Amino acid sequence: ELQIQPHLRSSSAAKPLQVRGADAPALPLLTAADSRAAQAPRLRLPLEVHPGNWPSGLMFVWMAISAILLGRIVRSYFRLRALINRARPASADLRLRFEKRLGDSRMSRVPHLLVSAEVISPFASGFFDPVIILPEILLEEMSDPELDYVLVHELAHIARRDNWSNLMGRLTSAVLALHPVVAWILGRIQREREIACDDWVVAATGSADRKSTRL
């Protein structure tokens, strides 16, 4: 084989031209079938997966889910405000019982006691102006001791400022919607919150019966 070096100015980037002698084996010739096969379009799958794009897709899904959950929190706030506006004040006897329990708890904030026919479970709400809403249907079924347990339980939520911790938990759940451990941690916090309020009832009433506090 003879090597012919082309005289180019950029000789460092050029490769030597290979010239084969007469006794060198001949190069394979391309047939017409090979030429048509090279020019034929390649078959592509309907779905192409690019490994470099999956983080962007995951980020888009995460942002969409977080936006939906944040929108639910805002909607729940306005629905709660409308529910409080439609609730009616408690009766005089119920307010006297509530004020007695309120005096025993020695709370700095005085919540309002309301009754509503639209709820099925008692709950405490409000950040700066707290309220306690009792279901109207349960007032006819609960005895006086059970009613005291429920009032003390809801007062414990307000005294512990559980409304703020619940809001922070929901915001965290919305921001970290795809995290596998967040839901489990928030569930544990919710259960521990209820247990702490039940312990508050036991300390205030001296009764270990927690059945009436979880209506």
# chains A, B, ... in the order shown; residues from 1 in each chain; ligands from 1
>>> select_by_dssp(residues="region 110-150 of chain A", states="strand (DSSP E or B)", output="compact mmCIF listing (two decimals) with all heavy atoms, in the first residue's frame")
# COMPACT_ATOMS: atom_id res chain seq x y z
N HIS A 112 -66.75 31.31 70.05
CA HIS A 112 -68.21 31.37 69.94
C HIS A 112 -68.75 29.95 69.78
O HIS A 112 -68.15 29.12 69.09
CB HIS A 112 -68.63 32.23 68.75
CG HIS A 112 -68.10 33.64 68.82
ND1 HIS A 112 -68.67 34.60 69.63
CD2 HIS A 112 -67.06 34.23 68.18
CE1 HIS A 112 -68.01 35.73 69.49
NE2 HIS A 112 -67.02 35.53 68.61
N LEU A 113 -69.89 29.70 70.38
CA LEU A 113 -70.54 28.40 70.29
C LEU A 113 -71.72 28.50 69.35
O LEU A 113 -72.64 29.30 69.57
CB LEU A 113 -70.99 27.91 71.67
CG LEU A 113 -71.59 26.51 71.72
CD1 LEU A 113 -70.57 25.46 71.28
CD2 LEU A 113 -72.12 26.20 73.12
N LEU A 114 -71.71 27.69 68.29
CA LEU A 114 -72.76 27.71 67.28
C LEU A 114 -73.32 26.30 67.09
O LEU A 114 -72.68 25.31 67.43
CB LEU A 114 -72.21 28.24 65.93
CG LEU A 114 -71.57 29.63 65.96
CD1 LEU A 114 -70.99 29.96 64.59
CD2 LEU A 114 -72.58 30.69 66.38
N VAL A 115 -74.50 26.25 66.52
CA VAL A 115 -75.17 24.98 66.22
C VAL A 115 -75.57 25.01 64.74
O VAL A 115 -76.07 26.02 64.24
CB VAL A 115 -76.41 24.78 67.11
CG1 VAL A 115 -77.13 23.49 66.75
CG2 VAL A 115 -76.00 24.77 68.58
N SER A 116 -75.34 23.87 64.07
CA SER A 116 -75.65 23.79 62.64
C SER A 116 -76.28 22.44 62.33
O SER A 116 -75.89 21.42 62.90
CB SER A 116 -74.39 24.00 61.79
OG SER A 116 -74.67 23.81 60.42
N PHE A 123 -66.76 20.30 65.57
CA PHE A 123 -65.41 20.70 65.21
C PHE A 123 -65.18 22.14 65.64
O PHE A 123 -66.12 22.92 65.82
CB PHE A 123 -65.14 20.54 63.71
CG PHE A 123 -65.94 21.48 62.84
CD1 PHE A 123 -65.43 22.70 62.44
CD2 PHE A 123 -67.21 21.13 62.41
CE1 PHE A 123 -66.16 23.55 61.64
CE2 PHE A 123 -67.95 21.97 61.60
CZ PHE A 123 -67.42 23.19 61.23
N ALA A 124 -63.90 22.47 65.80
CA ALA A 124 -63.48 23.83 66.14
C ALA A 124 -62.77 24.43 64.93
O ALA A 124 -62.05 23.73 64.20
CB ALA A 124 -62.55 23.82 67.35
N SER A 125 -63.00 25.70 64.71
CA SER A 125 -62.43 26.36 63.55
C SER A 125 -62.13 27.81 63.90
O SER A 125 -62.56 28.33 64.93
CB SER A 125 -63.39 26.28 62.36
OG SER A 125 -62.84 26.94 61.24
N VAL A 131 -64.38 29.51 66.63
CA VAL A 131 -65.75 29.10 66.88
C VAL A 131 -65.78 27.60 67.08
O VAL A 131 -64.90 26.87 66.60
CB VAL A 131 -66.70 29.49 65.71
CG1 VAL A 131 -66.77 30.99 65.54
CG2 VAL A 131 -66.25 28.80 64.43
N ILE A 132 -66.79 27.12 67.80
CA ILE A 132 -67.07 25.70 67.96
C ILE A 132 -68.47 25.45 67.43
O ILE A 132 -69.43 26.10 67.86
CB ILE A 132 -66.95 25.26 69.42
CG1 ILE A 132 -65.51 25.41 69.90
CG2 ILE A 132 -67.42 23.82 69.59
CD1 ILE A 132 -65.34 25.05 71.37
N ILE A 133 -68.59 24.54 66.48
CA ILE A 133 -69.88 24.23 65.86
C ILE A 133 -70.29 22.83 66.27
O ILE A 133 -69.53 21.86 66.08
CB ILE A 133 -69.80 24.35 64.33
CG1 ILE A 133 -69.41 25.77 63.93
CG2 ILE A 133 -71.13 23.97 63.69
CD1 ILE A 133 -69.34 25.99 62.43
N LEU A 134 -71.48 22.71 66.83
CA LEU A 134 -72.03 21.42 67.25
C LEU A 134 -73.12 20.99 66.28
O LEU A 134 -73.93 21.82 65.84
CB LEU A 134 -72.60 21.52 68.67
CG LEU A 134 -71.62 21.92 69.77
CD1 LEU A 134 -72.35 22.02 71.10
CD2 LEU A 134 -70.47 20.93 69.86
N PRO A 135 -73.19 19.71 65.95
CA PRO A 135 -74.28 19.24 65.09
C PRO A 135 -75.61 19.28 65.83
O PRO A 135 -75.71 18.88 66.99
CB PRO A 135 -73.88 17.81 64.75
CG PRO A 135 -72.44 17.70 65.12
CD PRO A 135 -72.20 18.67 66.21
>>> closest_residue(among="A:Ala64, A:Ile137, A:Val152, A:Leu171", to="Lys100 (chain A)", atoms="only C-alpha atoms")
A:Val152
>>> closest_residue(among="A:Met59, A:Ala117, A:Leu139, A:Ile68", to="Asp93 (chain A)", atoms="only C-alpha atoms")
A:Leu139
>>> decode(residues="region 70-83 of chain A", atoms="all heavy atoms", output="PDB file, in the first residue's frame")
ATOM      1  N   LEU A  70     -53.864  23.068  46.380  1.00  0.00           N
ATOM      2  CA  LEU A  70     -53.932  24.422  46.928  1.00  0.00           C
ATOM      3  C   LEU A  70     -55.280  25.073  46.615  1.00  0.00           C
ATOM      4  O   LEU A  70     -55.838  25.800  47.443  1.00  0.00           O
ATOM      5  CB  LEU A  70     -52.786  25.269  46.370  1.00  0.00           C
ATOM      6  CG  LEU A  70     -51.376  24.894  46.848  1.00  0.00           C
ATOM      7  CD1 LEU A  70     -50.336  25.719  46.106  1.00  0.00           C
ATOM      8  CD2 LEU A  70     -51.242  25.117  48.357  1.00  0.00           C
ATOM      9  N   GLY A  71     -55.803  24.806  45.432  1.00  0.00           N
ATOM     10  CA  GLY A  71     -57.131  25.326  45.102  1.00  0.00           C
ATOM     11  C   GLY A  71     -58.216  24.734  45.988  1.00  0.00           C
ATOM     12  O   GLY A  71     -59.170  25.429  46.366  1.00  0.00           O
ATOM     13  N   ARG A  72     -58.068  23.469  46.369  1.00  0.00           N
ATOM     14  CA  ARG A  72     -59.038  22.858  47.284  1.00  0.00           C
ATOM     15  C   ARG A  72     -58.978  23.503  48.665  1.00  0.00           C
ATOM     16  O   ARG A  72     -60.009  23.653  49.332  1.00  0.00           O
ATOM     17  CB  ARG A  72     -58.775  21.362  47.386  1.00  0.00           C
ATOM     18  CG  ARG A  72     -59.165  20.579  46.129  1.00  0.00           C
ATOM     19  CD  ARG A  72     -58.923  19.091  46.335  1.00  0.00           C
ATOM     20  NE  ARG A  72     -59.341  18.318  45.167  1.00  0.00           N
ATOM     21  CZ  ARG A  72     -59.230  17.005  45.077  1.00  0.00           C
ATOM     22  NH1 ARG A  72     -58.698  16.318  46.098  1.00  0.00           N
ATOM     23  NH2 ARG A  72     -59.624  16.378  43.993  1.00  0.00           N
ATOM     24  N   ILE A  73     -57.786  23.858  49.112  1.00  0.00           N
ATOM     25  CA  ILE A  73     -57.665  24.514  50.419  1.00  0.00           C
ATOM     26  C   ILE A  73     -58.377  25.857  50.404  1.00  0.00           C
ATOM     27  O   ILE A  73     -59.106  26.210  51.348  1.00  0.00           O
ATOM     28  CB  ILE A  73     -56.180  24.672  50.783  1.00  0.00           C
ATOM     29  CG1 ILE A  73     -55.539  23.299  50.991  1.00  0.00           C
ATOM     30  CG2 ILE A  73     -56.019  25.519  52.038  1.00  0.00           C
ATOM     31  CD1 ILE A  73     -54.048  23.354  51.241  1.00  0.00           C
ATOM     32  N   VAL A  74     -58.184  26.619  49.350  1.00  0.00           N
ATOM     33  CA  VAL A  74     -58.855  27.921  49.253  1.00  0.00           C
ATOM     34  C   VAL A  74     -60.368  27.744  49.188  1.00  0.00           C
ATOM     35  O   VAL A  74     -61.131  28.465  49.844  1.00  0.00           O
ATOM     36  CB  VAL A  74     -58.327  28.682  48.020  1.00  0.00           C
ATOM     37  CG1 VAL A  74     -59.099  29.994  47.835  1.00  0.00           C
ATOM     38  CG2 VAL A  74     -56.839  28.963  48.172  1.00  0.00           C
ATOM     39  N   ARG A  75     -60.825  26.757  48.425  1.00  0.00           N
ATOM     40  CA  ARG A  75     -62.267  26.511  48.329  1.00  0.00           C
ATOM     41  C   ARG A  75     -62.847  26.063  49.670  1.00  0.00           C
ATOM     42  O   ARG A  75     -63.953  26.476  50.046  1.00  0.00           O
ATOM     43  CB  ARG A  75     -62.537  25.463  47.256  1.00  0.00           C
ATOM     44  CG  ARG A  75     -64.021  25.222  46.991  1.00  0.00           C
ATOM     45  CD  ARG A  75     -64.223  24.122  45.980  1.00  0.00           C
ATOM     46  NE  ARG A  75     -63.707  22.854  46.465  1.00  0.00           N
ATOM     47  CZ  ARG A  75     -63.767  21.714  45.777  1.00  0.00           C
ATOM     48  NH1 ARG A  75     -64.307  21.710  44.562  1.00  0.00           N
ATOM     49  NH2 ARG A  75     -63.285  20.601  46.281  1.00  0.00           N
ATOM     50  N   SER A  76     -62.106  25.239  50.400  1.00  0.00           N
ATOM     51  CA  SER A  76     -62.582  24.792  51.708  1.00  0.00           C
ATOM     52  C   SER A  76     -62.705  25.958  52.681  1.00  0.00           C
ATOM     53  O   SER A  76     -63.630  25.984  53.506  1.00  0.00           O
ATOM     54  CB  SER A  76     -61.622  23.739  52.276  1.00  0.00           C
ATOM     55  OG  SER A  76     -61.573  22.605  51.439  1.00  0.00           O
ATOM     56  N   TYR A  77     -61.802  26.914  52.581  1.00  0.00           N
ATOM     57  CA  TYR A  77     -61.875  28.075  53.480  1.00  0.00           C
ATOM     58  C   TYR A  77     -63.152  28.873  53.241  1.00  0.00           C
ATOM     59  O   TYR A  77     -63.855  29.235  54.199  1.00  0.00           O
ATOM     60  CB  TYR A  77     -60.646  28.965  53.268  1.00  0.00           C
ATOM     61  CG  TYR A  77     -60.731  30.280  54.002  1.00  0.00           C
ATOM     62  CD1 TYR A  77     -60.499  30.349  55.370  1.00  0.00           C
ATOM     63  CD2 TYR A  77     -61.065  31.455  53.330  1.00  0.00           C
ATOM     64  CE1 TYR A  77     -60.574  31.549  56.051  1.00  0.00           C
ATOM     65  CE2 TYR A  77     -61.146  32.663  54.005  1.00  0.00           C
ATOM     66  CZ  TYR A  77     -60.909  32.699  55.358  1.00  0.00           C
ATOM     67  OH  TYR A  77     -61.000  33.896  56.031  1.00  0.00           O
ATOM     68  N   PHE A  78     -63.482  29.141  51.984  1.00  0.00           N
ATOM     69  CA  PHE A  78     -64.688  29.916  51.696  1.00  0.00           C
ATOM     70  C   PHE A  78     -65.952  29.124  52.033  1.00  0.00           C
ATOM     71  O   PHE A  78     -66.951  29.700  52.491  1.00  0.00           O
ATOM     72  CB  PHE A  78     -64.690  30.349  50.228  1.00  0.00           C
ATOM     73  CG  PHE A  78     -63.705  31.441  49.922  1.00  0.00           C
ATOM     74  CD1 PHE A  78     -62.526  31.175  49.248  1.00  0.00           C
ATOM     75  CD2 PHE A  78     -63.954  32.736  50.333  1.00  0.00           C
ATOM     76  CE1 PHE A  78     -61.621  32.178  48.970  1.00  0.00           C
ATOM     77  CE2 PHE A  78     -63.054  33.759  50.062  1.00  0.00           C
ATOM     78  CZ  PHE A  78     -61.880  33.475  49.378  1.00  0.00           C
ATOM     79  N   ARG A  79     -65.924  27.816  51.827  1.00  0.00           N
ATOM     80  CA  ARG A  79     -67.093  27.013  52.213  1.00  0.00           C
ATOM     81  C   ARG A  79     -67.273  27.000  53.724  1.00  0.00           C
ATOM     82  O   ARG A  79     -68.402  27.018  54.225  1.00  0.00           O
ATOM     83  CB  ARG A  79     -66.923  25.593  51.687  1.00  0.00           C
ATOM     84  CG  ARG A  79     -66.995  25.470  50.174  1.00  0.00           C
ATOM     85  CD  ARG A  79     -66.796  24.044  49.730  1.00  0.00           C
ATOM     86  NE  ARG A  79     -67.841  23.171  50.242  1.00  0.00           N
ATOM     87  CZ  ARG A  79     -67.879  21.857  50.038  1.00  0.00           C
ATOM     88  NH1 ARG A  79     -66.917  21.274  49.323  1.00  0.00           N
ATOM     89  NH2 ARG A  79     -68.859  21.136  50.527  1.00  0.00           N
ATOM     90  N   LEU A  80     -66.168  26.988  54.462  1.00  0.00           N
ATOM     91  CA  LEU A  80     -66.252  27.016  55.918  1.00  0.00           C
ATOM     92  C   LEU A  80     -66.790  28.354  56.403  1.00  0.00           C
ATOM     93  O   LEU A  80     -67.611  28.406  57.329  1.00  0.00           O
ATOM     94  CB  LEU A  80     -64.878  26.738  56.516  1.00  0.00           C
ATOM     95  CG  LEU A  80     -64.791  26.756  58.043  1.00  0.00           C
ATOM     96  CD1 LEU A  80     -65.704  25.706  58.652  1.00  0.00           C
ATOM     97  CD2 LEU A  80     -63.352  26.544  58.493  1.00  0.00           C
ATOM     98  N   ARG A  81     -66.349  29.437  55.803  1.00  0.00           N
ATOM     99  CA  ARG A  81     -66.863  30.752  56.185  1.00  0.00           C
ATOM    100  C   ARG A  81     -68.364  30.849  55.911  1.00  0.00           C
ATOM    101  O   ARG A  81     -69.119  31.418  56.725  1.00  0.00           O
ATOM    102  CB  ARG A  81     -66.129  31.846  55.422  1.00  0.00           C
ATOM    103  CG  ARG A  81     -64.656  31.951  55.712  1.00  0.00           C
ATOM    104  CD  ARG A  81     -64.358  32.100  57.185  1.00  0.00           C
ATOM    105  NE  ARG A  81     -65.078  33.223  57.766  1.00  0.00           N
ATOM    106  CZ  ARG A  81     -65.077  33.521  59.063  1.00  0.00           C
ATOM    107  NH1 ARG A  81     -64.429  32.724  59.909  1.00  0.00           N
ATOM    108  NH2 ARG A  81     -65.728  34.561  59.526  1.00  0.00           N
ATOM    109  N   ALA A  82     -68.809  30.296  54.815  1.00  0.00           N
ATOM    110  CA  ALA A  82     -70.246  30.313  54.519  1.00  0.00           C
ATOM    111  C   ALA A  82     -71.022  29.449  55.507  1.00  0.00           C
ATOM    112  O   ALA A  82     -72.133  29.812  55.923  1.00  0.00           O
ATOM    113  CB  ALA A  82     -70.482  29.830  53.087  1.00  0.00           C
ATOM    114  N   LEU A  83     -70.442  28.319  55.913  1.00  0.00           N
ATOM    115  CA  LEU A  83     -71.104  27.461  56.887  1.00  0.00           C
ATOM    116  C   LEU A  83     -71.227  28.160  58.237  1.00  0.00           C
ATOM    117  O   LEU A  83     -72.268  28.066  58.909  1.00  0.00           O
ATOM    118  CB  LEU A  83     -70.321  26.156  57.033  1.00  0.00           C
ATOM    119  CG  LEU A  83     -70.825  25.169  58.097  1.00  0.00           C
ATOM    120  CD1 LEU A  83     -72.226  24.680  57.758  1.00  0.00           C
ATOM    121  CD2 LEU A  83     -69.871  23.994  58.228  1.00  0.00           C
TER     122      LEU A  83
END
